[in-house]
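Single-structure report; data block below.
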Amino acid sequence: WLELIESQAPAERPLRILDAGCGPGFFSVLLSKAGHHVTGIDGSEGMLAYARKNVAHYGVSPELLSGGFGALSISGWTFDWWSAGM
């Protein structure tokens, strides 16, 4: 997955990545392990609980936020790349 994602992403490294609908954090963990700065957002507290467990297990630190995409105030935030539940 990492090879596929990075082949389509901008060449700049590390990237600031928004993982929209991060679920249990698979891509947030994968991309964090690759050295990127990841913000994962999900509307399900249950999925975020799994994401937090996965983040702790793999020793990475993406920022994990709760909320629906339309309800979040992200004005002023900038990202180089985003994933929507690939």
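If you're wondering about the labels, chains in the structure tokens are A, B, ... by order shown, residues count from 1 in each chain, ligands from 1 in order shown.
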
Neighbour list for Phe26 (chain A) as a ChimeraX atom specification, cut-off 10 Å, only C-alpha atoms, skip fewer than 2 positions in-chain: /A:19,22-24,28-32,50-51,54-55,85

Save the residues we just selected, all heavy atoms, as a compact mmCIF listing (two decimals), in the first residue's frame?
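Now in selection14.txt:
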```
# COMPACT_ATOMS: atom_id res chain seq x y z
N ASP A 19 -6.05 11.87 6.67
CA ASP A 19 -6.67 10.55 6.47
C ASP A 19 -8.13 10.69 6.88
O ASP A 19 -8.49 10.52 8.04
CB ASP A 19 -5.95 9.50 7.30
CG ASP A 19 -6.45 8.08 7.04
OD1 ASP A 19 -7.29 7.90 6.14
OD2 ASP A 19 -6.01 7.17 7.76
N CYS A 22 -10.60 7.69 8.83
CA CYS A 22 -9.44 6.85 9.12
C CYS A 22 -9.80 5.49 9.71
O CYS A 22 -8.96 4.58 9.71
CB CYS A 22 -8.47 7.57 10.04
SG CYS A 22 -9.08 7.87 11.71
N GLY A 23 -11.03 5.31 10.20
CA GLY A 23 -11.43 4.01 10.74
C GLY A 23 -10.47 3.54 11.81
O GLY A 23 -10.10 4.30 12.70
N PRO A 24 -9.98 2.29 11.72
CA PRO A 24 -9.09 1.76 12.75
C PRO A 24 -7.64 2.24 12.60
O PRO A 24 -6.77 1.78 13.32
CB PRO A 24 -9.19 0.25 12.57
CG PRO A 24 -9.51 0.07 11.13
CD PRO A 24 -10.39 1.25 10.77
N SER A 28 -3.31 5.69 8.60
CA SER A 28 -2.66 6.65 9.50
C SER A 28 -1.38 6.05 10.08
O SER A 28 -0.34 6.71 10.14
CB SER A 28 -3.61 7.05 10.64
OG SER A 28 -4.70 7.78 10.15
N VAL A 29 -1.45 4.79 10.49
CA VAL A 29 -0.28 4.09 11.03
C VAL A 29 0.77 3.89 9.93
O VAL A 29 1.95 4.22 10.11
CB VAL A 29 -0.67 2.74 11.66
CG1 VAL A 29 0.55 1.87 11.92
CG2 VAL A 29 -1.47 2.95 12.94
N LEU A 30 0.36 3.36 8.81
CA LEU A 30 1.28 3.07 7.70
C LEU A 30 2.04 4.33 7.27
O LEU A 30 3.27 4.31 7.13
CB LEU A 30 0.49 2.50 6.52
CG LEU A 30 1.28 2.14 5.27
CD1 LEU A 30 2.11 0.88 5.53
CD2 LEU A 30 0.32 1.90 4.11
N LEU A 31 1.32 5.41 7.09
CA LEU A 31 1.95 6.65 6.62
C LEU A 31 2.78 7.32 7.70
O LEU A 31 3.80 7.93 7.41
CB LEU A 31 0.87 7.59 6.07
CG LEU A 31 0.20 7.06 4.80
CD1 LEU A 31 -1.09 7.81 4.51
CD2 LEU A 31 1.15 7.13 3.61
N SER A 32 2.37 7.18 8.95
CA SER A 32 3.17 7.71 10.06
C SER A 32 4.48 6.95 10.18
O SER A 32 5.54 7.54 10.40
CB SER A 32 2.40 7.61 11.38
OG SER A 32 1.31 8.50 11.39
N TYR A 50 -10.16 1.86 18.21
CA TYR A 50 -9.29 0.89 17.53
C TYR A 50 -8.05 1.58 16.97
O TYR A 50 -6.94 1.05 17.05
CB TYR A 50 -10.02 0.17 16.40
CG TYR A 50 -10.97 -0.90 16.85
CD1 TYR A 50 -12.33 -0.76 16.66
CD2 TYR A 50 -10.49 -2.07 17.46
CE1 TYR A 50 -13.21 -1.75 17.08
CE2 TYR A 50 -11.36 -3.06 17.87
CZ TYR A 50 -12.72 -2.89 17.69
OH TYR A 50 -13.58 -3.87 18.11
N ALA A 51 -8.24 2.77 16.39
CA ALA A 51 -7.11 3.50 15.83
C ALA A 51 -6.10 3.84 16.92
O ALA A 51 -4.88 3.69 16.73
CB ALA A 51 -7.59 4.78 15.13
N ASN A 54 -4.13 0.77 17.73
CA ASN A 54 -3.16 0.47 16.67
C ASN A 54 -1.98 1.44 16.69
O ASN A 54 -0.83 1.04 16.51
CB ASN A 54 -3.85 0.48 15.30
CG ASN A 54 -4.73 -0.74 15.11
OD1 ASN A 54 -4.42 -1.82 15.63
ND2 ASN A 54 -5.81 -0.57 14.39
N VAL A 55 -2.26 2.70 16.92
CA VAL A 55 -1.22 3.72 17.01
C VAL A 55 -0.26 3.38 18.15
O VAL A 55 0.97 3.43 17.98
CB VAL A 55 -1.87 5.12 17.20
CG1 VAL A 55 -0.88 6.13 17.74
CG2 VAL A 55 -2.47 5.60 15.89
N GLY A 85 -10.36 6.88 2.90
CA GLY A 85 -10.71 5.48 3.09
C GLY A 85 -10.35 4.59 1.91
O GLY A 85 -11.02 3.62 1.63
```

Picked from chain A by DSSP as alpha helix (DSSP H), as an NGL selection string: :A and (2-8 or 26-33 or 45-58)

Spatial neighbours of region 39-41 of chain A, 10 Å, only C-alpha atoms, chain gap at least 4 places, as number ranges by chain: A: 16-25, 27-29, 32, 48, 51, 61-69, 72, 79, 82-84

Output the selection as a compact mmCIF listing (two decimals), in the first residue's frame - N, CA and C atoms for each residue.
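Saved the output as out_24.txt:
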```
# COMPACT_ATOMS: atom_id res chain seq x y z
N ARG A 16 2.32 16.30 4.75
CA ARG A 16 1.26 16.54 5.72
C ARG A 16 0.01 15.91 5.11
N ILE A 17 -0.50 14.84 5.74
CA ILE A 17 -1.55 14.02 5.15
C ILE A 17 -2.81 14.04 6.01
N LEU A 18 -3.96 14.21 5.37
CA LEU A 18 -5.25 14.07 6.03
C LEU A 18 -5.81 12.70 5.67
N ASP A 19 -6.05 11.87 6.67
CA ASP A 19 -6.67 10.55 6.47
C ASP A 19 -8.13 10.69 6.88
N ALA A 20 -8.97 11.04 5.91
CA ALA A 20 -10.39 11.30 6.16
C ALA A 20 -11.16 9.98 6.21
N GLY A 21 -11.81 9.73 7.33
CA GLY A 21 -12.49 8.45 7.52
C GLY A 21 -11.46 7.39 7.87
N CYS A 22 -10.60 7.69 8.83
CA CYS A 22 -9.44 6.85 9.12
C CYS A 22 -9.80 5.49 9.71
N GLY A 23 -11.03 5.31 10.20
CA GLY A 23 -11.43 4.01 10.74
C GLY A 23 -10.47 3.54 11.81
N PRO A 24 -9.98 2.29 11.72
CA PRO A 24 -9.09 1.76 12.75
C PRO A 24 -7.64 2.24 12.60
N GLY A 25 -7.39 3.15 11.68
CA GLY A 25 -6.08 3.78 11.59
C GLY A 25 -5.05 3.09 10.71
N PHE A 27 -4.19 3.30 7.49
CA PHE A 27 -3.38 4.20 6.67
C PHE A 27 -2.68 5.25 7.52
N SER A 28 -3.31 5.69 8.60
CA SER A 28 -2.66 6.65 9.50
C SER A 28 -1.38 6.05 10.08
N VAL A 29 -1.45 4.79 10.49
CA VAL A 29 -0.28 4.09 11.03
C VAL A 29 0.77 3.89 9.93
N SER A 32 2.37 7.18 8.95
CA SER A 32 3.17 7.71 10.06
C SER A 32 4.48 6.95 10.18
N LEU A 48 -12.22 5.10 16.28
CA LEU A 48 -11.09 5.84 16.83
C LEU A 48 -10.45 5.11 18.00
N ALA A 51 -8.24 2.77 16.39
CA ALA A 51 -7.11 3.50 15.83
C ALA A 51 -6.10 3.84 16.92
N SER A 61 2.61 8.35 16.03
CA SER A 61 1.82 9.39 16.68
C SER A 61 1.06 10.30 15.71
N PRO A 62 0.20 9.72 14.87
CA PRO A 62 -0.64 10.60 14.06
C PRO A 62 -1.63 11.30 14.99
N GLU A 63 -2.09 12.47 14.59
CA GLU A 63 -3.13 13.16 15.35
C GLU A 63 -4.46 12.52 14.96
N LEU A 64 -5.24 12.09 15.95
CA LEU A 64 -6.53 11.46 15.68
C LEU A 64 -7.64 12.36 16.22
N LEU A 65 -8.58 12.72 15.34
CA LEU A 65 -9.66 13.62 15.70
C LEU A 65 -11.01 12.96 15.48
N SER A 66 -11.96 13.32 16.32
CA SER A 66 -13.32 12.80 16.21
C SER A 66 -14.21 13.83 15.52
N GLY A 67 -15.04 13.36 14.60
CA GLY A 67 -16.00 14.25 13.98
C GLY A 67 -16.27 13.90 12.54
N GLY A 68 -17.41 14.38 12.07
CA GLY A 68 -17.75 14.27 10.66
C GLY A 68 -16.98 15.33 9.89
N PHE A 69 -16.68 15.05 8.66
CA PHE A 69 -15.84 15.95 7.87
C PHE A 69 -16.45 17.34 7.75
N LEU A 72 -16.15 19.67 11.03
CA LEU A 72 -14.86 20.09 11.54
C LEU A 72 -14.44 21.43 10.95
N PHE A 79 -2.70 20.59 3.86
CA PHE A 79 -2.24 19.22 3.68
C PHE A 79 -1.65 19.09 2.30
N TRP A 82 -4.21 13.74 0.74
CA TRP A 82 -5.27 13.21 1.59
C TRP A 82 -5.73 11.87 1.08
N SER A 83 -6.21 11.09 2.02
CA SER A 83 -6.72 9.76 1.74
C SER A 83 -8.16 9.72 2.22
N ALA A 84 -9.04 9.17 1.45
CA ALA A 84 -10.44 9.04 1.88
C ALA A 84 -10.81 7.57 1.90
```

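Rounded to one decimal, CA of Val60 (chain A) and CA of Met47 (chain A) lie 17.1 Å from each other.
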
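The coordinates place CA of Gly59 (chain A) at 23.9 Å from CA of Ala9 (chain A).
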
Interatomic distance, CA of His57 (chain A) to CA of Ser44 (chain A) (Å, one decimal): 20.0 Å

Name the residues of region 23-59 of chain A that fall into strand (DSSP E or B) according to DSSP on the backbone, using the chain letters and numbers of this document, as a PDB file with C-alpha atoms, in the first residue's frame.
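Okay, out.pdb is ready:
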```pdb
ATOM      1  CA  HIS A  37       2.749  13.913   9.487  1.00  0.00           C
ATOM      2  CA  VAL A  38      -0.753  12.418   9.546  1.00  0.00           C
ATOM      3  CA  THR A  39      -4.075  13.713  10.847  1.00  0.00           C
ATOM      4  CA  GLY A  40      -6.749  11.012  10.983  1.00  0.00           C
ATOM      5  CA  ILE A  41     -10.418  11.983  11.293  1.00  0.00           C
ATOM      6  CA  ASP A  42     -13.354   9.656  11.879  1.00  0.00           C
TER       7      ASP A  42
END
```
